[in-house]
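Engineer: What follows is entry18.tsv, made up of TSV, C-alpha atoms:
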chain	number	residue	atom	x	y	z
A	53	MET	CA	5.72	-66.32	-21.92
A	54	ASP	CA	3.68	-66.40	-18.71
A	55	ILE	CA	6.65	-65.02	-16.78
A	56	THR	CA	7.03	-62.16	-19.29
A	57	ILE	CA	3.33	-61.30	-19.10
A	58	CYS	CA	3.52	-61.36	-15.32
A	59	ARG	CA	6.47	-58.94	-15.36
A	60	LEU	CA	4.65	-56.62	-17.77
A	61	ASP	CA	1.57	-56.71	-15.55
A	62	ASN	CA	3.68	-55.84	-12.50
A	63	ARG	CA	5.27	-52.92	-14.35
A	64	SER	CA	1.85	-51.72	-15.46
A	65	ILE	CA	0.65	-51.82	-11.87
A	66	GLU	CA	3.75	-49.90	-10.74
A	67	PHE	CA	3.21	-47.22	-13.41
A	68	GLU	CA	-0.46	-46.91	-12.44
A	69	ASN	CA	0.50	-46.53	-8.77
A	70	GLN	CA	3.04	-43.84	-9.68
A	71	GLU	CA	0.44	-41.98	-11.72
A	72	ARG	CA	-2.01	-42.14	-8.82
A	73	GLN	CA	0.64	-40.75	-6.47
A	74	MET	CA	1.39	-37.90	-8.89
A	75	VAL	CA	-2.31	-37.04	-8.97
A	76	LYS	CA	-2.73	-37.37	-5.19
A	77	GLN	CA	0.35	-35.30	-4.31
A	78	PRO	CA	-1.00	-31.92	-5.54
A	79	LEU	CA	-4.37	-32.71	-3.95
A	80	LYS	CA	-2.62	-33.47	-0.67
A	81	LEU	CA	-0.69	-30.19	-0.85
A	82	VAL	CA	-3.92	-28.31	-1.46
A	83	ARG	CA	-5.65	-30.02	1.47
A	84	ASN	CA	-2.73	-29.23	3.77
A	85	ALA	CA	-2.78	-25.58	2.73
A	86	LEU	CA	-6.53	-25.03	3.14
A	87	PRO	CA	-6.60	-24.39	6.94
A	88	GLY	CA	-3.84	-21.79	6.77
A	89	LEU	CA	-5.32	-20.10	3.69
A	90	ALA	CA	-8.72	-20.02	5.39
A	91	LEU	CA	-7.14	-18.29	8.40
A	92	CYS	CA	-5.48	-15.78	6.05
A	93	ALA	CA	-8.86	-15.15	4.41
A	94	VAL	CA	-10.48	-14.51	7.81
A	95	VAL	CA	-7.76	-12.00	8.78
A	96	THR	CA	-8.14	-10.35	5.36
A	97	ALA	CA	-11.91	-10.05	5.78
A	98	ILE	CA	-11.48	-8.47	9.22
A	99	ALA	CA	-8.92	-6.03	7.77
A	100	TYR	CA	-11.36	-5.02	5.02
A	101	ALA	CA	-14.12	-4.58	7.60
A	102	MET	CA	-11.93	-2.42	9.85
A	103	GLU	CA	-10.98	-0.21	6.90
A	104	ASN	CA	-14.65	0.28	6.04
A	105	ILE	CA	-15.44	1.14	9.66
A	106	GLU	CA	-12.64	3.72	9.66
A	107	SER	CA	-14.00	5.27	6.47
A	108	ALA	CA	-17.52	5.41	7.92
A	109	LEU	CA	-16.38	7.02	11.18
A	110	PHE	CA	-13.68	9.42	9.98
A	111	GLY	CA	-14.43	9.95	6.30
A	112	HIS	CA	-11.27	8.10	5.26
A	113	ALA	CA	-9.15	5.19	6.43
A	114	TRP	CA	-6.12	6.07	8.55
A	115	LEU	CA	-4.83	2.52	8.19
A	116	GLU	CA	-5.61	0.68	4.96
A	117	SER	CA	-6.61	-2.97	4.85
A	118	LEU	CA	-3.13	-3.95	3.65
A	119	VAL	CA	-1.47	-2.51	6.77
A	120	LEU	CA	-4.22	-3.79	9.03
A	121	ALA	CA	-3.79	-7.31	7.62
A	122	ILE	CA	-0.10	-7.30	8.58
A	123	LEU	CA	-0.76	-5.94	12.07
A	124	LEU	CA	-3.62	-8.33	12.76
A	125	GLY	CA	-1.67	-11.33	11.51
A	126	THR	CA	1.39	-10.43	13.58
A	127	ALA	CA	-0.75	-9.87	16.67
A	128	VAL	CA	-2.42	-13.26	16.29
A	129	ARG	CA	0.92	-15.05	15.82
A	130	THR	CA	2.61	-13.24	18.71
A	131	VAL	CA	-0.09	-13.69	21.37
A	132	HIS	CA	-1.37	-17.12	20.32
A	133	ARG	CA	0.52	-20.29	19.49
A	134	LEU	CA	-0.92	-21.45	16.16
A	135	ASP	CA	-1.56	-25.11	15.49
A	136	THR	CA	0.88	-26.70	13.05
A	137	ARG	CA	-1.94	-27.46	10.59
A	138	PHE	CA	-2.02	-23.76	9.68
A	139	GLU	CA	1.66	-23.54	8.72
A	140	ASP	CA	1.48	-24.88	5.14
A	141	GLY	CA	-1.29	-22.49	4.17
A	142	ILE	CA	0.42	-19.51	5.80
A	143	GLN	CA	3.60	-20.25	3.85
A	144	VAL	CA	1.65	-20.58	0.60
A	145	GLY	CA	-0.13	-17.31	1.30
A	146	ALA	CA	3.00	-15.37	2.24
A	147	LYS	CA	5.02	-16.64	-0.72
A	148	LEU	CA	3.06	-18.04	-3.65
A	149	LEU	CA	0.03	-15.73	-3.55
A	150	LEU	CA	2.20	-12.64	-3.34
A	151	GLU	CA	4.46	-13.87	-6.14
A	152	ILE	CA	1.37	-14.37	-8.32
A	153	ALA	CA	0.32	-10.81	-7.44
A	154	VAL	CA	3.72	-9.53	-8.61
A	155	VAL	CA	3.36	-11.40	-11.89
A	156	LEU	CA	-0.12	-9.96	-12.48
A	157	LEU	CA	1.22	-6.48	-11.75
A	158	GLY	CA	3.36	-6.78	-14.88
A	159	ALA	CA	0.20	-6.51	-16.97
A	160	SER	CA	-0.39	-2.95	-15.76
A	161	VAL	CA	3.17	-1.71	-16.29
A	162	SER	CA	4.78	-0.48	-19.49
A	163	ALA	CA	8.53	-0.71	-20.09
A	164	GLY	CA	8.50	3.00	-20.88
A	165	ALA	CA	8.08	3.77	-17.15
A	166	LEU	CA	11.57	2.47	-16.50
A	167	LEU	CA	13.19	3.65	-19.73
A	168	GLU	CA	12.10	7.23	-19.01
A	169	ASN	CA	14.65	7.34	-16.19
A	170	GLY	CA	17.46	6.22	-18.46
A	171	ILE	CA	20.73	4.41	-17.92
A	172	GLY	CA	21.61	6.67	-14.98
A	173	LEU	CA	19.07	4.99	-12.71
A	174	MET	CA	20.18	1.51	-13.78
A	175	SER	CA	23.80	2.35	-13.04
A	176	GLY	CA	22.78	3.98	-9.78
A	177	ILE	CA	20.97	0.84	-8.62
A	178	ALA	CA	24.07	-1.25	-9.25
A	179	ALA	CA	26.21	1.29	-7.39
A	180	VAL	CA	23.82	1.38	-4.42
A	181	VAL	CA	23.91	-2.42	-4.13
A	182	ALA	CA	27.72	-2.54	-4.30
A	183	ILE	CA	28.23	0.26	-1.77
A	184	ALA	CA	25.57	-1.13	0.58
A	185	ILE	CA	27.16	-4.60	0.57
A	186	ALA	CA	30.56	-3.13	1.42
A	187	LEU	CA	29.17	-0.93	4.21
A	188	SER	CA	27.01	-3.70	5.69
A	189	PHE	CA	29.90	-6.15	5.68
A	190	ALA	CA	32.16	-3.59	7.36
A	191	LEU	CA	29.51	-2.93	10.03
A	192	GLY	CA	29.12	-6.64	10.67
A	193	ARG	CA	32.83	-7.13	11.17
A	194	ALA	CA	33.08	-3.99	13.31
A	195	PHE	CA	30.41	-5.44	15.62
A	196	GLY	CA	32.37	-8.67	15.87
A	197	LEU	CA	30.14	-10.88	13.73
A	198	PRO	CA	31.76	-13.87	12.01
A	199	ARG	CA	32.77	-13.28	8.38
A	200	LYS	CA	30.10	-15.54	6.92
A	201	MET	CA	27.38	-14.02	9.09
A	202	ALA	CA	28.47	-10.54	8.00
A	203	ILE	CA	28.28	-11.62	4.34
A	204	LEU	CA	24.78	-13.04	4.79
A	205	ILE	CA	23.48	-9.85	6.39
A	206	ALA	CA	25.23	-7.64	3.82
A	207	CYS	CA	23.74	-9.51	0.86
A	208	GLY	CA	20.31	-9.88	2.45
A	209	ASN	CA	20.13	-6.21	3.38
A	210	SER	CA	21.48	-4.90	0.08
A	211	ILE	CA	19.68	-7.12	-2.43
A	212	CYS	CA	16.51	-9.01	-1.51
A	213	GLY	CA	16.37	-10.13	2.10
A	214	ASN	CA	15.70	-13.81	2.76
A	215	SER	CA	16.00	-14.79	-0.91
A	216	ALA	CA	19.53	-13.40	-1.08
A	217	ILE	CA	20.47	-15.04	2.23
A	218	ALA	CA	19.18	-18.40	0.99
A	219	ALA	CA	21.06	-18.04	-2.32
A	220	VAL	CA	24.36	-16.92	-0.79
A	221	ALA	CA	24.40	-19.39	2.13
A	222	PRO	CA	25.46	-22.50	0.13
A	223	VAL	CA	28.08	-20.51	-1.80
A	224	ILE	CA	29.94	-19.54	1.36
A	225	ASP	CA	28.99	-22.73	3.23
A	226	ALA	CA	27.28	-20.73	5.96
A	227	ASP	CA	26.31	-22.33	9.26
A	228	GLY	CA	22.62	-23.16	9.64
A	229	LYS	CA	22.35	-21.15	12.86
A	230	ASP	CA	23.76	-18.06	11.14
A	231	VAL	CA	21.28	-18.45	8.29
A	232	ALA	CA	18.37	-18.88	10.71
A	233	ALA	CA	19.37	-15.82	12.76
A	234	ALA	CA	19.78	-13.62	9.68
A	235	ILE	CA	16.46	-14.72	8.20
A	236	ALA	CA	14.57	-14.41	11.49
A	237	PHE	CA	15.47	-10.78	11.98
A	238	THR	CA	15.13	-9.69	8.34
A	239	ALA	CA	11.64	-11.27	8.31
A	240	VAL	CA	10.52	-9.13	11.24
A	241	LEU	CA	12.31	-5.99	10.09
A	242	GLY	CA	10.85	-6.44	6.60
A	243	VAL	CA	7.35	-6.12	8.05
A	244	VAL	CA	8.37	-3.06	10.06
A	245	VAL	CA	9.81	-1.39	6.94
A	246	VAL	CA	6.61	-2.01	4.98
A	247	LEU	CA	4.62	-0.29	7.75
A	248	VAL	CA	6.98	2.62	8.39
A	249	LEU	CA	8.19	3.48	4.88
A	250	PRO	CA	5.01	5.27	3.67
A	251	LEU	CA	5.53	7.79	6.49
A	252	MET	CA	8.68	8.91	4.68
A	253	VAL	CA	6.64	10.46	1.85
A	254	SER	CA	5.70	13.57	3.84
A	255	LEU	CA	8.80	13.51	6.04
A	256	LEU	CA	11.19	13.66	3.07
A	257	SER	CA	8.77	15.49	0.72
A	258	PHE	CA	8.89	12.67	-1.83
A	259	SER	CA	6.84	12.69	-5.00
A	260	PRO	CA	5.12	9.39	-5.88
A	261	THR	CA	7.91	8.57	-8.34
A	262	GLN	CA	10.66	9.43	-5.86
A	263	PHE	CA	9.01	7.32	-3.19
A	264	GLY	CA	8.69	4.42	-5.61
A	265	VAL	CA	12.40	4.55	-6.38
A	266	PHE	CA	13.23	4.89	-2.66
A	267	ALA	CA	11.07	1.89	-1.77
A	268	GLY	CA	12.55	-0.17	-4.61
A	269	LEU	CA	16.05	0.58	-3.33
A	270	THR	CA	15.44	-0.07	0.37
A	271	VAL	CA	12.69	-2.67	0.87
A	272	TYR	CA	13.89	-6.26	1.17
A	273	ALA	CA	11.61	-8.27	-1.11
A	274	VAL	CA	9.78	-7.56	-4.37
A	275	PRO	CA	6.34	-8.35	-2.87
A	276	GLN	CA	7.07	-6.07	0.09
A	277	VAL	CA	7.72	-3.20	-2.33
A	278	LEU	CA	4.26	-3.80	-3.70
A	279	ALA	CA	2.87	-3.68	-0.16
A	280	ALA	CA	4.78	-0.54	0.84
A	281	THR	CA	3.92	1.50	-2.26
A	282	SER	CA	0.31	0.48	-2.91
A	283	SER	CA	-0.99	2.89	-0.26
A	284	ILE	CA	0.69	5.85	-2.01
A	285	SER	CA	-0.09	5.65	-5.74
A	286	LEU	CA	-0.10	3.34	-8.74
A	287	SER	CA	2.92	5.13	-10.20
A	288	SER	CA	4.83	4.44	-6.97
A	289	VAL	CA	3.94	0.75	-7.28
A	290	HIS	CA	5.11	0.59	-10.89
A	291	ILE	CA	8.45	2.35	-10.57
A	292	GLY	CA	9.16	0.78	-7.17
A	293	THR	CA	8.61	-2.73	-8.50
A	294	LEU	CA	10.73	-2.10	-11.59
A	295	VAL	CA	13.61	-0.65	-9.54
A	296	LYS	CA	13.40	-3.54	-7.11
A	297	LEU	CA	13.47	-6.09	-9.95
A	298	VAL	CA	16.69	-4.57	-11.26
A	299	ARG	CA	18.10	-4.71	-7.73
A	300	VAL	CA	17.14	-8.38	-7.38
A	301	LEU	CA	18.84	-9.19	-10.67
A	302	MET	CA	22.09	-8.04	-9.04
A	303	LEU	CA	21.95	-11.26	-7.01
A	304	GLY	CA	23.32	-13.26	-9.95
A	305	PRO	CA	26.56	-11.25	-10.34
A	306	VAL	CA	27.05	-11.05	-6.56
A	307	VAL	CA	26.69	-14.82	-6.14
A	308	LEU	CA	29.04	-15.37	-9.07
A	309	VAL	CA	31.68	-13.08	-7.56
A	310	LEU	CA	31.39	-14.76	-4.15
A	311	SER	CA	31.76	-18.18	-5.75
A	312	LEU	CA	34.89	-17.07	-7.61
A	313	ILE	CA	36.79	-15.13	-4.94
A	314	GLY	CA	35.28	-16.40	-1.68
A	315	ARG	CA	36.37	-19.39	0.34
A	316	ARG	CA	34.21	-22.22	-0.92
A	317	GLU	CA	34.88	-24.67	1.95
A	318	GLY	CA	32.46	-27.17	0.52
A	319	GLY	CA	29.98	-24.56	-0.68
A	320	ARG	CA	28.12	-24.87	-3.98
A	321	ARG	CA	26.65	-22.55	-6.55
A	322	PRO	CA	22.86	-22.27	-6.16
A	323	ALA	CA	20.41	-23.09	-8.93
A	324	LEU	CA	19.56	-20.42	-11.49
A	325	SER	CA	15.98	-20.39	-10.16
A	326	HIS	CA	17.29	-19.07	-6.81
A	327	MET	CA	19.16	-16.23	-8.50
A	328	VAL	CA	16.34	-15.33	-10.89
A	329	PRO	CA	13.01	-16.26	-9.24
A	330	TRP	CA	10.16	-17.44	-11.48
A	331	PHE	CA	7.87	-14.54	-10.61
A	332	ILE	CA	10.41	-12.03	-11.91
A	333	VAL	CA	10.43	-13.86	-15.24
A	334	GLY	CA	6.62	-13.86	-15.20
A	335	PHE	CA	6.47	-10.15	-14.37
A	336	LEU	CA	8.88	-9.28	-17.18
A	337	LEU	CA	6.91	-11.46	-19.61
A	338	LEU	CA	3.61	-9.72	-18.87
A	339	LEU	CA	5.37	-6.35	-18.92
A	340	THR	CA	6.69	-7.15	-22.40
A	341	LEU	CA	3.28	-8.31	-23.60
A	342	ARG	CA	1.68	-5.13	-22.24
A	343	SER	CA	4.34	-2.95	-23.86
A	344	PHE	CA	3.57	-4.52	-27.25
A	345	GLY	CA	-0.21	-4.27	-26.76
A	346	ALA	CA	-0.67	-8.04	-26.59
A	347	ILE	CA	-2.86	-7.89	-23.44
A	348	PRO	CA	-6.48	-6.78	-24.03
A	349	GLU	CA	-7.39	-3.57	-22.22
A	350	ALA	CA	-10.49	-5.26	-20.79
A	351	ALA	CA	-8.28	-7.77	-18.94
A	352	ILE	CA	-5.98	-5.23	-17.28
A	353	ALA	CA	-8.42	-3.91	-14.65
A	354	PRO	CA	-9.50	-7.39	-13.40
A	355	MET	CA	-5.85	-8.46	-13.22
A	356	HIS	CA	-5.03	-5.37	-11.16
A	357	VAL	CA	-7.95	-6.00	-8.77
A	358	THR	CA	-6.89	-9.63	-8.37
A	359	ALA	CA	-3.29	-8.59	-7.71
A	360	ASN	CA	-4.47	-6.14	-5.03
A	361	PHE	CA	-6.62	-8.76	-3.27
A	362	LEU	CA	-3.84	-11.37	-3.34
A	363	THR	CA	-1.44	-8.77	-1.95
A	364	ILE	CA	-3.66	-8.03	1.05
A	365	MET	CA	-4.28	-11.72	1.71
A	366	SER	CA	-0.55	-12.33	1.48
A	367	MET	CA	0.13	-9.55	3.95
A	368	ALA	CA	-2.18	-11.35	6.37
A	369	ALA	CA	-0.13	-14.50	5.80
A	370	LEU	CA	3.09	-12.56	6.21
A	371	GLY	CA	1.91	-11.24	9.56
A	372	LEU	CA	0.74	-14.69	10.65
A	373	GLY	CA	4.23	-16.00	9.91
A	374	VAL	CA	6.04	-13.43	12.05
A	375	ASP	CA	6.45	-13.80	15.79
A	376	ALA	CA	7.68	-10.42	17.06
A	377	ARG	CA	9.43	-12.21	19.92
A	378	SER	CA	11.88	-13.75	17.42
A	379	VAL	CA	13.65	-10.38	17.30
A	380	MET	CA	14.99	-11.02	20.78
A	381	ARG	CA	16.21	-14.48	19.80
A	382	ALA	CA	18.20	-13.12	16.84
A	383	GLY	CA	20.71	-11.42	19.16
A	384	CYS	CA	21.56	-7.80	19.90
A	385	ARG	CA	24.61	-7.61	17.64
A	386	VAL	CA	22.75	-9.07	14.68
A	387	ALA	CA	19.85	-6.69	15.31
A	388	ALA	CA	22.16	-3.67	15.51
A	389	VAL	CA	24.01	-4.56	12.30
A	390	VAL	CA	20.82	-5.18	10.32
A	391	VAL	CA	19.18	-1.94	11.48
A	392	LEU	CA	22.28	0.19	10.92
A	393	SER	CA	22.82	-1.41	7.50
A	394	LEU	CA	19.26	-0.61	6.52
A	395	LEU	CA	19.64	2.99	7.66
A	396	ALA	CA	22.87	3.29	5.63
A	397	LEU	CA	21.05	1.87	2.58
A	398	ALA	CA	18.27	4.44	3.03
A	399	VAL	CA	20.76	7.32	3.19
A	400	ILE	CA	22.58	6.12	0.06
A	401	SER	CA	19.28	5.73	-1.78
A	402	PHE	CA	18.13	9.22	-0.77
A	403	PHE	CA	21.28	10.81	-2.12
A	404	LEU	CA	21.02	8.82	-5.36
A	405	ILE	CA	17.48	10.13	-5.92
A	406	LYS	CA	18.65	13.72	-5.35
A	407	MET	CA	21.78	13.27	-7.45
A	408	LEU	CA	19.84	11.88	-10.43
A	409	GLY	CA	17.24	14.64	-10.16
A	410	ILE	CA	14.30	12.21	-10.14
A	411	VAL	CA	11.02	14.11	-9.80
Transcribe the structure of this file into structure tokens.
Structural biologist:
Amino acid sequence: MDITICRLDNRSIEFENQERQMVKQPLKLVRNALPGLALCAVVTAIAYAMENIESALFGHAWLESLVLAILLGTAVRTVHRLDTRFEDGIQVGAKLLLEIAVVLLGASVSAGALLENGIGLMSGIAAVVAIAIALSFALGRAFGLPRKMAILIACGNSICGNSAIAAVAPVIDADGKDVAAAIAFTAVLGVVVVLVLPLMVSLLSFSPTQFGVFAGLTVYAVPQVLAATSSISLSSVHIGTLVKLVRVLMLGPVVLVLSLIGRREGGRRPALSHMVPWFIVGFLLLLTLRSFGAIPEAAIAPMHVTANFLTIMSMAALGLGVDARSVMRAGCRVAAVVVLSLLALAVISFFLIKMLGIV
């Protein structure tokens, strides 16, 4: 009896220790993230201040706080070696905060915005992804890149950047160096696209809706679409995000095809969460609730303001996570293939917009 009681007491102690660890783990993660998030907040505050100074001096801001946050963050990371204690917070800011912003954006979007453009746009998105993958892969091989590297760049460029690269890599059993090189360059180029894309509005005489579709078809990640379109108009944000979500959902079929016809060589099919990220599910859920009037009107404006603030703070984190010098380390051939693939994607997207008569 005493032995049994002793064993039960030991088990109770073990369970209590496990519970304490479960409680401490989130607290530890929060503590580790605080320095980096604080740095992101400082960069965000400076970006807001610079925008206000611009408005006071010139009557309007030439560069909005969102763009300034990216530039400031990138400048800090490039010219100064950040202490490792900032890394966790920067990663949380660049990923989690922006994903939350995307989810909150769903509350201000109605499904009718996408349905107005009909099945033609949906089919066009699928066609753009398929054509872009084929062209990017052909460019990669033409420049002498290994087959797996060419596949990584093609899928990353055509679907959703780093997320697609991470999902496809285990399927084709890609080498770690290839994955790192592809991700390094797409991370830097993704920031460049966010900064440059709004200039295309006047250059190509795009309407807000046309620009939203163009951004949704060409920008790498869902959060980056939000960043690229927010300086143009709310309608650009809405349609751009919706188009990009449809494009991201193409990752599932592409991964499935690669797993069926590609050389597996020890590769494995990624988890469903990698093919359909949680924030897309959250966005679609809030979009559905908004479409059915289940979200109070009084809550929509605060959610939109929160999403905008989180976006700017995340852009600061995104900049702080990008060392512009990593472009050189990615290699000239990789750089050339990624840039040319992106340009090809932009041309295809432009012709799709004109062909569908989107106004």
Engineer: As an exercise, work out the distance from atom CA of A:Gly268 to atom CA of A:Thr293 in Å and give it to one decimal place.
Structural biologist: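 Value for the atom CA of A:Gly268-atom CA of A:Thr293 distance: 6.1 Å.
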Engineer: Which residue, A:Leu187, A:Leu341, A:Leu197, A:Met355, has the smallest gap to A:Cys384 when you use all atoms listed in the file?
Structural biologist: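 Counting all atoms listed in the file, the residue closest to A:Cys384 is A:Leu197.
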Engineer: Excluding stretch 273-279 of chain A and residues on its chain fewer than 2 positions from it, collect all residues at most 7 Å away from it, counting only C-alpha atoms, and give them as number ranges by chain.
Structural biologist: A: 150-151, 154, 212-213, 246, 267-268, 271, 281-282, 289, 292-293, 296-297, 363
Engineer: What box, with edges along x, y and z, holds each listed atom of stretch 359-376 of chain A when 3 Å is added on every side, and can you state its centre and edge lengths in Å to one decimal, as JSON?
Structural biologist:
{"center_x": 0.5, "center_y": -11.1, "center_z": 4.7, "size_x": 20.3, "size_y": 15.9, "size_z": 30.8}
Engineer: Find the residues around A:Thr261 up to 7 Å (only C-alpha atoms counted), leave out those fewer than 6 positions away in its own chain, and share them as a ChimeraX atom specification.
Structural biologist: /A:287-288,291,411
Engineer: Which one is closest to A:Gly409: A:Val307, A:Gly172, A:Arg133, A:Gly196? Count all atoms listed in the file.
Structural biologist: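 Answer, going by the shortest atom-to-atom distance: A:Gly172.
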Engineer: Calculate how many Å separate atom CA of A:Leu249 from atom CA of A:Val298, rounding to one decimal.
Structural biologist: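 Between atom CA of A:Leu249 and atom CA of A:Val298 the gap is 19.9 Å.
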Engineer: By how many Å are atom CA of A:Ala359 and atom CA of A:Ala153 apart?
Structural biologist: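 Separation between atom CA of A:Ala359 and atom CA of A:Ala153: 4.2 Å.
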Engineer: Taking 5 positions as the minimum chain separation for residues in the same chain, which residues sit within 9 Å of A:Ala184 when counting all atoms listed in the file? Answer as a ChimeraX atom specification.
Structural biologist: /A:179,189,206-207,209-211,393-394,396-397,400
Engineer: Can you work out which one of A:Ala121, A:Ala186, A:Leu157, A:Leu310 has the shortest atom-to-atom distance to A:Val220, counting all atoms listed in the file?
Structural biologist: A:Leu310
Engineer: Of the residues A:His290, A:Arg137, A:Arg342, A:Arg385, which is the one nearest to A:Ala85, using only C-alpha atoms?
Structural biologist: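 Answer, going by the shortest atom-to-atom distance: A:Arg137.
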Engineer: Which of these residues is nearest to A:Leu149, using all atoms listed in the file: A:Val306, A:Ala280, A:Leu256, A:Ala93?
Structural biologist: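 Under the stated criterion, the closest residue is A:Ala93.
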Engineer: Considering only C-alpha atoms, return as a PyMOL selection string whatever protein or nucleic-acid residues lie within 8 Å of A:Glu103, sequence-local ones (same chain, fewer than 6 positions apart) excluded.
Structural biologist: chain A and resi 113+115-117+120
Engineer: Pick out the closest residue to A:Asp135 from this set: A:Leu251, A:Pro87, A:Ser285, A:Gly304. Count all atoms listed in the file.
Structural biologist: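 When distances to A:Asp135 are compared using all atoms listed in the file, the smallest one comes from A:Pro87.
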